[in-house]
>>> print(open('entry.csv').read())   # CSV, C-alpha atoms
chain,number,residue,atom,x,y,z
W,1,MET,CA,-23.3,-73.2,-205.0
W,2,ILE,CA,-22.3,-75.0,-208.3
W,3,SER,CA,-22.3,-71.6,-210.1
W,4,PHE,CA,-19.5,-70.6,-207.8
W,5,LEU,CA,-17.5,-73.8,-207.6
W,6,ALA,CA,-17.6,-75.1,-211.1
W,7,PRO,CA,-15.7,-72.2,-212.8
W,8,VAL,CA,-13.1,-72.4,-210.0
W,9,PHE,CA,-12.6,-76.1,-210.5
W,10,ALA,CA,-12.4,-75.5,-214.3
W,11,VAL,CA,-9.4,-73.1,-213.8
W,12,ILE,CA,-7.7,-75.4,-211.3
W,13,PHE,CA,-8.1,-78.3,-213.7
W,14,GLY,CA,-6.6,-76.3,-216.5
W,15,VAL,CA,-3.6,-75.3,-214.4
W,16,LEU,CA,-3.1,-78.8,-213.2
W,17,ILE,CA,-3.0,-80.1,-216.8
W,18,VAL,CA,-0.2,-77.5,-217.5
W,19,LEU,CA,1.8,-78.5,-214.4
W,20,LEU,CA,1.5,-82.2,-215.2
W,21,HIS,CA,2.5,-81.8,-218.9
W,22,ARG,CA,5.0,-79.0,-218.3
W,23,LYS,CA,7.9,-81.0,-219.7
W,24,SER,CA,6.1,-82.5,-222.6
W,25,LYS,CA,5.3,-81.0,-226.0
W,26,PRO,CA,2.6,-78.2,-226.1
W,27,LEU,CA,-1.0,-79.4,-226.0
W,28,ASN,CA,-3.0,-79.1,-229.2
W,29,LEU,CA,-6.2,-77.4,-228.1
W,30,LYS,CA,-7.8,-76.6,-231.5
W,31,LEU,CA,-10.5,-79.2,-231.3
W,32,PHE,CA,-11.1,-78.6,-227.6
W,33,LEU,CA,-11.5,-74.9,-228.4
W,34,ALA,CA,-13.9,-75.7,-231.3
W,35,PHE,CA,-16.0,-77.9,-229.0
W,36,SER,CA,-16.1,-75.2,-226.3
W,37,GLY,CA,-17.0,-72.5,-228.7
W,38,ALA,CA,-19.9,-74.5,-230.2
W,39,PHE,CA,-21.2,-75.6,-226.8
W,40,LEU,CA,-21.0,-72.1,-225.4
W,41,LEU,CA,-22.8,-70.6,-228.4
W,42,SER,CA,-25.4,-73.3,-228.4
W,43,SER,CA,-26.1,-72.9,-224.7
W,44,THR,CA,-26.4,-69.2,-225.1
W,45,ILE,CA,-28.9,-69.5,-227.9
W,46,PHE,CA,-30.9,-72.4,-226.4
W,47,GLU,CA,-31.2,-71.0,-222.9
W,48,LEU,CA,-30.0,-67.5,-222.2
W,49,LEU,CA,-31.2,-65.7,-225.3
W,50,PRO,CA,-34.9,-66.8,-225.1
W,51,GLU,CA,-35.1,-65.7,-221.4
W,52,VAL,CA,-33.7,-62.2,-222.1
W,53,TYR,CA,-36.2,-61.7,-225.0
W,54,SER,CA,-39.1,-62.7,-222.7
W,55,HIS,CA,-38.2,-59.9,-220.2
W,56,LEU,CA,-37.0,-56.9,-222.2
W,57,GLU,CA,-38.1,-54.9,-225.3
W,58,PRO,CA,-36.5,-56.4,-228.4
W,59,LYS,CA,-34.7,-53.3,-229.6
W,60,ARG,CA,-33.2,-52.7,-226.2
W,61,ILE,CA,-31.9,-56.2,-226.1
W,62,GLY,CA,-30.3,-55.7,-229.5
W,63,ILE,CA,-28.5,-52.6,-228.2
W,64,PHE,CA,-27.1,-54.4,-225.2
W,65,ILE,CA,-26.1,-57.5,-227.3
W,66,MET,CA,-24.3,-55.3,-229.8
W,67,GLY,CA,-22.8,-53.4,-226.8
W,68,GLY,CA,-21.5,-56.7,-225.5
W,69,ILE,CA,-19.9,-57.5,-228.8
W,70,LEU,CA,-18.2,-54.1,-228.9
W,71,LEU,CA,-17.1,-54.5,-225.3
W,72,GLN,CA,-15.5,-57.8,-226.1
W,73,ILE,CA,-13.7,-56.4,-229.1
W,74,ILE,CA,-12.3,-53.6,-226.9
W,75,LEU,CA,-11.2,-56.1,-224.3
W,76,GLU,CA,-9.5,-58.3,-226.9
W,77,PHE,CA,-7.6,-55.3,-228.1
W,78,TYR,CA,-5.8,-55.4,-224.8
W,79,SER,CA,-5.8,-59.2,-224.1
W,80,LYS,CA,-4.7,-60.0,-227.7
W,81,GLY,CA,-7.5,-62.6,-228.0
W,82,ALA,CA,-6.6,-64.7,-225.0
W,83,GLU,CA,-10.3,-65.4,-224.4
W,84,HIS,CA,-10.5,-67.5,-227.5
W,85,GLY,CA,-7.0,-69.0,-227.6
W,86,HIS,CA,-4.9,-66.3,-229.3
W,87,LEU,CA,-2.3,-66.0,-226.5
W,88,HIS,CA,1.3,-66.0,-227.8
W,89,ILE,CA,3.0,-68.2,-225.2
W,90,ASN,CA,6.3,-68.0,-227.0
W,91,GLU,CA,6.8,-64.4,-226.0
W,92,PRO,CA,8.1,-64.4,-222.4
W,93,LYS,CA,7.6,-61.2,-220.5
W,94,SER,CA,9.3,-59.9,-217.4
W,95,LEU,CA,6.7,-57.1,-216.6
W,96,PHE,CA,3.4,-57.9,-215.1
W,97,PRO,CA,0.8,-58.1,-218.0
W,98,TRP,CA,-1.7,-55.5,-216.5
W,99,LEU,CA,-3.7,-55.1,-219.7
W,100,LEU,CA,-4.1,-58.9,-220.1
W,101,PHE,CA,-4.9,-59.2,-216.4
W,102,MET,CA,-7.6,-56.5,-216.4
W,103,SER,CA,-9.2,-57.6,-219.7
W,104,LEU,CA,-9.5,-61.2,-218.7
W,105,GLY,CA,-10.8,-60.2,-215.3
W,106,ILE,CA,-13.6,-58.0,-216.7
W,107,HIS,CA,-14.6,-60.8,-219.2
W,108,ALA,CA,-14.6,-63.4,-216.4
W,109,PHE,CA,-16.6,-61.1,-214.1
W,110,PHE,CA,-19.4,-60.5,-216.7
W,111,GLU,CA,-19.7,-64.2,-217.7
W,112,GLY,CA,-20.5,-65.0,-214.1
W,113,PHE,CA,-23.7,-62.9,-214.0
W,114,PRO,CA,-26.1,-65.4,-215.6
W,115,LEU,CA,-24.7,-68.6,-214.2
W,116,ARG,CA,-26.8,-68.9,-211.0
W,117,GLU,CA,-30.0,-69.1,-213.0
W,118,HIS,CA,-28.7,-71.0,-216.0
W,119,LYS,CA,-27.3,-74.4,-215.1
W,120,ASN,CA,-26.6,-75.5,-218.7
W,121,LEU,CA,-24.6,-72.3,-219.2
W,122,ILE,CA,-22.4,-73.3,-216.3
W,123,ILE,CA,-21.3,-76.3,-218.4
W,124,GLY,CA,-20.5,-74.1,-221.4
W,125,VAL,CA,-18.5,-71.7,-219.3
W,126,VAL,CA,-16.6,-74.5,-217.6
W,127,ILE,CA,-15.8,-76.1,-221.0
W,128,HIS,CA,-14.7,-72.7,-222.3
W,129,LYS,CA,-12.5,-71.9,-219.2
W,130,ILE,CA,-10.5,-75.1,-219.2
W,131,PRO,CA,-8.5,-74.5,-222.5
W,132,ILE,CA,-8.3,-70.8,-221.7
W,133,ALA,CA,-6.8,-71.6,-218.2
W,134,ILE,CA,-4.4,-74.0,-219.9
W,135,LEU,CA,-3.2,-71.2,-222.3
W,136,ILE,CA,-3.0,-68.6,-219.5
W,137,ALA,CA,-1.1,-70.9,-217.1
W,138,THR,CA,1.3,-71.9,-219.9
W,139,TYR,CA,2.0,-68.3,-220.8
W,140,LEU,CA,2.5,-67.3,-217.1
W,141,LEU,CA,4.8,-70.2,-216.3
W,142,LYS,CA,6.9,-69.5,-219.4
W,143,SER,CA,7.2,-65.9,-218.5
W,144,LYS,CA,9.9,-64.3,-216.3
W,145,LEU,CA,7.3,-63.2,-213.7
W,146,ALA,CA,7.9,-64.0,-210.1
W,147,LYS,CA,5.9,-67.1,-208.9
W,148,SER,CA,4.1,-65.0,-206.4
W,149,LYS,CA,2.8,-62.7,-209.2
W,150,VAL,CA,1.8,-65.8,-211.3
W,151,ILE,CA,-0.2,-67.1,-208.3
W,152,ILE,CA,-1.9,-63.8,-207.7
W,153,PHE,CA,-2.9,-63.5,-211.4
W,154,ILE,CA,-4.4,-67.0,-211.5
W,155,LEU,CA,-6.1,-66.6,-208.2
W,156,ILE,CA,-7.9,-63.4,-209.0
W,157,PHE,CA,-8.7,-64.7,-212.5
W,158,THR,CA,-10.2,-67.8,-210.9
W,159,LEU,CA,-12.4,-65.7,-208.5
W,160,MET,CA,-13.8,-63.1,-210.9
W,161,THR,CA,-16.5,-65.4,-212.4
W,162,PRO,CA,-17.8,-66.5,-209.0
W,163,LEU,CA,-17.8,-62.8,-208.0
W,164,GLY,CA,-19.9,-61.9,-211.0
W,165,SER,CA,-22.3,-64.8,-210.1
W,166,LEU,CA,-22.5,-63.6,-206.5
W,167,ILE,CA,-23.4,-60.1,-207.5
W,168,GLY,CA,-25.8,-61.3,-210.1
W,169,GLY,CA,-27.6,-63.8,-207.9
W,170,PHE,CA,-27.6,-62.5,-204.4
W,171,LEU,CA,-27.6,-58.7,-204.4
W,172,ASN,CA,-31.0,-57.0,-204.6
W,173,ILE,CA,-30.5,-55.8,-208.2
W,174,PRO,CA,-33.7,-55.1,-210.2
W,175,SER,CA,-34.6,-57.9,-212.7
W,176,ASN,CA,-34.5,-55.6,-215.8
W,177,ILE,CA,-30.9,-54.6,-214.9
W,178,ILE,CA,-29.8,-58.2,-214.5
W,179,GLN,CA,-31.4,-59.1,-217.9
W,180,SER,CA,-29.7,-56.1,-219.5
W,181,VAL,CA,-26.3,-57.3,-218.2
W,182,ASN,CA,-27.2,-60.8,-219.4
W,183,ALA,CA,-27.8,-59.4,-222.9
W,184,VAL,CA,-24.3,-57.8,-222.8
W,185,VAL,CA,-23.0,-61.2,-221.8
W,186,ILE,CA,-24.8,-62.8,-224.8
W,187,GLY,CA,-23.0,-60.4,-227.1
W,188,MET,CA,-19.6,-61.2,-225.5
W,189,PHE,CA,-20.3,-65.0,-225.9
W,190,PHE,CA,-21.5,-64.5,-229.5
W,191,HIS,CA,-18.2,-62.8,-230.4
W,192,ILE,CA,-15.9,-65.2,-228.6
W,193,SER,CA,-17.6,-68.4,-229.7
W,194,THR,CA,-17.9,-67.5,-233.4
W,195,ILE,CA,-14.3,-66.4,-233.5
W,196,ILE,CA,-13.3,-69.8,-231.9
W,197,LEU,CA,-15.4,-71.6,-234.5
W,198,PHE,CA,-14.0,-69.8,-237.5
W,199,GLU,CA,-10.4,-69.4,-236.5
W,200,SER,CA,-9.5,-72.7,-234.8
W,201,SER,CA,-8.6,-74.3,-238.1
W,202,GLU,CA,-5.5,-73.4,-240.1
W,203,GLY,CA,-6.3,-71.4,-243.2
W,204,HIS,CA,-9.9,-70.9,-241.9
W,205,ASN,CA,-10.8,-74.3,-243.4
W,206,PHE,CA,-13.2,-76.8,-241.9
W,207,ASN,CA,-12.2,-80.4,-241.7
W,208,MET,CA,-14.3,-83.5,-240.9
W,209,ASN,CA,-13.0,-83.8,-237.3
W,210,LYS,CA,-13.9,-80.2,-236.5
W,211,ILE,CA,-17.4,-80.5,-238.1
W,212,LEU,CA,-18.1,-83.7,-236.0
W,213,ILE,CA,-16.9,-81.9,-232.9
W,214,ILE,CA,-19.1,-78.9,-233.5
W,215,VAL,CA,-22.2,-81.0,-234.3
W,216,SER,CA,-21.7,-83.1,-231.2
W,217,ALA,CA,-21.3,-80.0,-229.0
W,218,ILE,CA,-24.6,-78.5,-230.5
W,219,VAL,CA,-26.5,-81.8,-229.9
W,220,LEU,CA,-25.1,-82.2,-226.4
W,221,ALA,CA,-26.1,-78.6,-225.5
W,222,TYR,CA,-29.6,-79.1,-226.8
W,223,PHE,CA,-30.3,-82.3,-224.9
W,224,ILE,CA,-28.7,-81.4,-221.6
>>> encode(input="entry.csv", output="structure tokens")
Amino acid sequence: MISFLAPVFAVIFGVLIVLLHRKSKPLNLKLFLAFSGAFLLSSTIFELLPEVYSHLEPKRIGIFIMGGILLQIILEFYSKGAEHGHLHINEPKSLFPWLLFMSLGIHAFFEGFPLREHKNLIIGVVIHKIPIAILIATYLLKSKLAKSKVIIFILIFTLMTPLGSLIGGFLNIPSNIIQSVNAVVIGMFFHISTIILFESSEGHNFNMNKILIIVSAIVLAYFI
């Protein structure tokens, strides 16, 4: 049940933060994004990657992981990098952002697949979803879209990860297919988390605060 509810609460929490701080200055999410990227990457390496390698042939795993990286690159071509914080909230739109909607939905759907069997990964996805939900909600609320369309966007985005978890955990899908999808998800997480880590600082430079945040995320992911 937690694999369904936790991602939902993460999006709701992110949206509430935006609603409560709507009239204040924009939130600085760089360190939060750095922590989420490091935690998601660490959780993937510590938990999901070893399991996939214990079930599938190594070269096949490599193909699916690289396929996941390529899929995420394609999705980001249409979402403009919203999955890792590159959403231009100062560009209000009046048309419904279908490409952003579909790209984020596909990404959220895939990330739900491994959650039912990997509790630590749930924490990583939740930490990752909160700043992304903040950015998406900020973008939508500043747009010229009707409130009904904004609600539909956020609602479907919220439900896509639980839907992926539902399909991955309860349908009678062969284990090798589930592990293959998990390998694709690993590739997607690798791409997103590394971009977050290396692009969340101005000028691509590391500073001490960011290094401490990343190290703390790695340590926390290891011991949880």
>>> residues_near_point(input="entry.csv", point="(-17.4, -53.5, -229.9)", cutoff="12 Å", atoms="only C-alpha atoms", output="CSV table (one decimal) with C-alpha atoms, keeping the file's coordinate frame")
chain,number,residue,atom,x,y,z
W,63,ILE,CA,-28.5,-52.6,-228.2
W,64,PHE,CA,-27.1,-54.4,-225.2
W,65,ILE,CA,-26.1,-57.5,-227.3
W,66,MET,CA,-24.3,-55.3,-229.8
W,67,GLY,CA,-22.8,-53.4,-226.8
W,68,GLY,CA,-21.5,-56.7,-225.5
W,69,ILE,CA,-19.9,-57.5,-228.8
W,70,LEU,CA,-18.2,-54.1,-228.9
W,71,LEU,CA,-17.1,-54.5,-225.3
W,72,GLN,CA,-15.5,-57.8,-226.1
W,73,ILE,CA,-13.7,-56.4,-229.1
W,74,ILE,CA,-12.3,-53.6,-226.9
W,75,LEU,CA,-11.2,-56.1,-224.3
W,76,GLU,CA,-9.5,-58.3,-226.9
W,77,PHE,CA,-7.6,-55.3,-228.1
W,184,VAL,CA,-24.3,-57.8,-222.8
W,187,GLY,CA,-23.0,-60.4,-227.1
W,188,MET,CA,-19.6,-61.2,-225.5
W,190,PHE,CA,-21.5,-64.5,-229.5
W,191,HIS,CA,-18.2,-62.8,-230.4
W,192,ILE,CA,-15.9,-65.2,-228.6
>>> residues_near_point(input="entry.csv", point="(-12.3, -74.8, -222.6)", cutoff="6 Å", atoms="all atoms listed in the file", output="VMD selection string")
chain W and resid 33 36 127 to 132
>>> atom_distance(input="entry.csv", atom1="CA of Phe157 in chain W", atom2="CA of Leu145 in chain W")
16.1 Å
>>> closest_residue(input="entry.csv", among="W:Leu115, W:Leu220, W:Ile156, W:Ile195", to="Gly169 in chain W", atoms="all atoms listed in the file")
W:Leu115
>>> atom_distance(input="entry.csv", atom1="CA of Ala183 in chain W", atom2="CA of Ala108 in chain W")
15.2 Å
>>> closest_residue(input="entry.csv", among="W:Phe109, W:Phe223, W:Phe9, W:Phe4", to="Phe46 in chain W", atoms="all atoms listed in the file")
W:Phe223
>>> residues_around(input="entry.csv", residues="Pro97 in chain W", least_positions_apart="5", cutoff="10 Å", atoms="only C-alpha atoms", output="number ranges by chain")
W: 78-79, 102, 140, 145, 153
>>> atom_distance(input="entry.csv", atom1="CA of His55 in chain W", atom2="CA of Leu166 in chain W")
21.2 Å
>>> closest_residue(input="entry.csv", among="W:Ser165, W:Ser3, W:Asn182, W:Asn209", to="Leu48 in chain W", atoms="all atoms listed in the file")
W:Asn182
>>> closest_residue(input="entry.csv", among="W:Ile224, W:Phe198, W:Ile186, W:Leu135", to="Glu51 in chain W", atoms="all atoms listed in the file")
W:Ile186
>>> closest_residue(input="entry.csv", among="W:Thr44, W:Ser216, W:Asn207, W:Thr158", to="Val15 in chain W", atoms="only C-alpha atoms")
W:Thr158
>>> closest_residue(input="entry.csv", among="W:Thr138, W:Leu104, W:Leu56, W:Glu47", to="Val18 in chain W", atoms="all atoms listed in the file")
W:Thr138
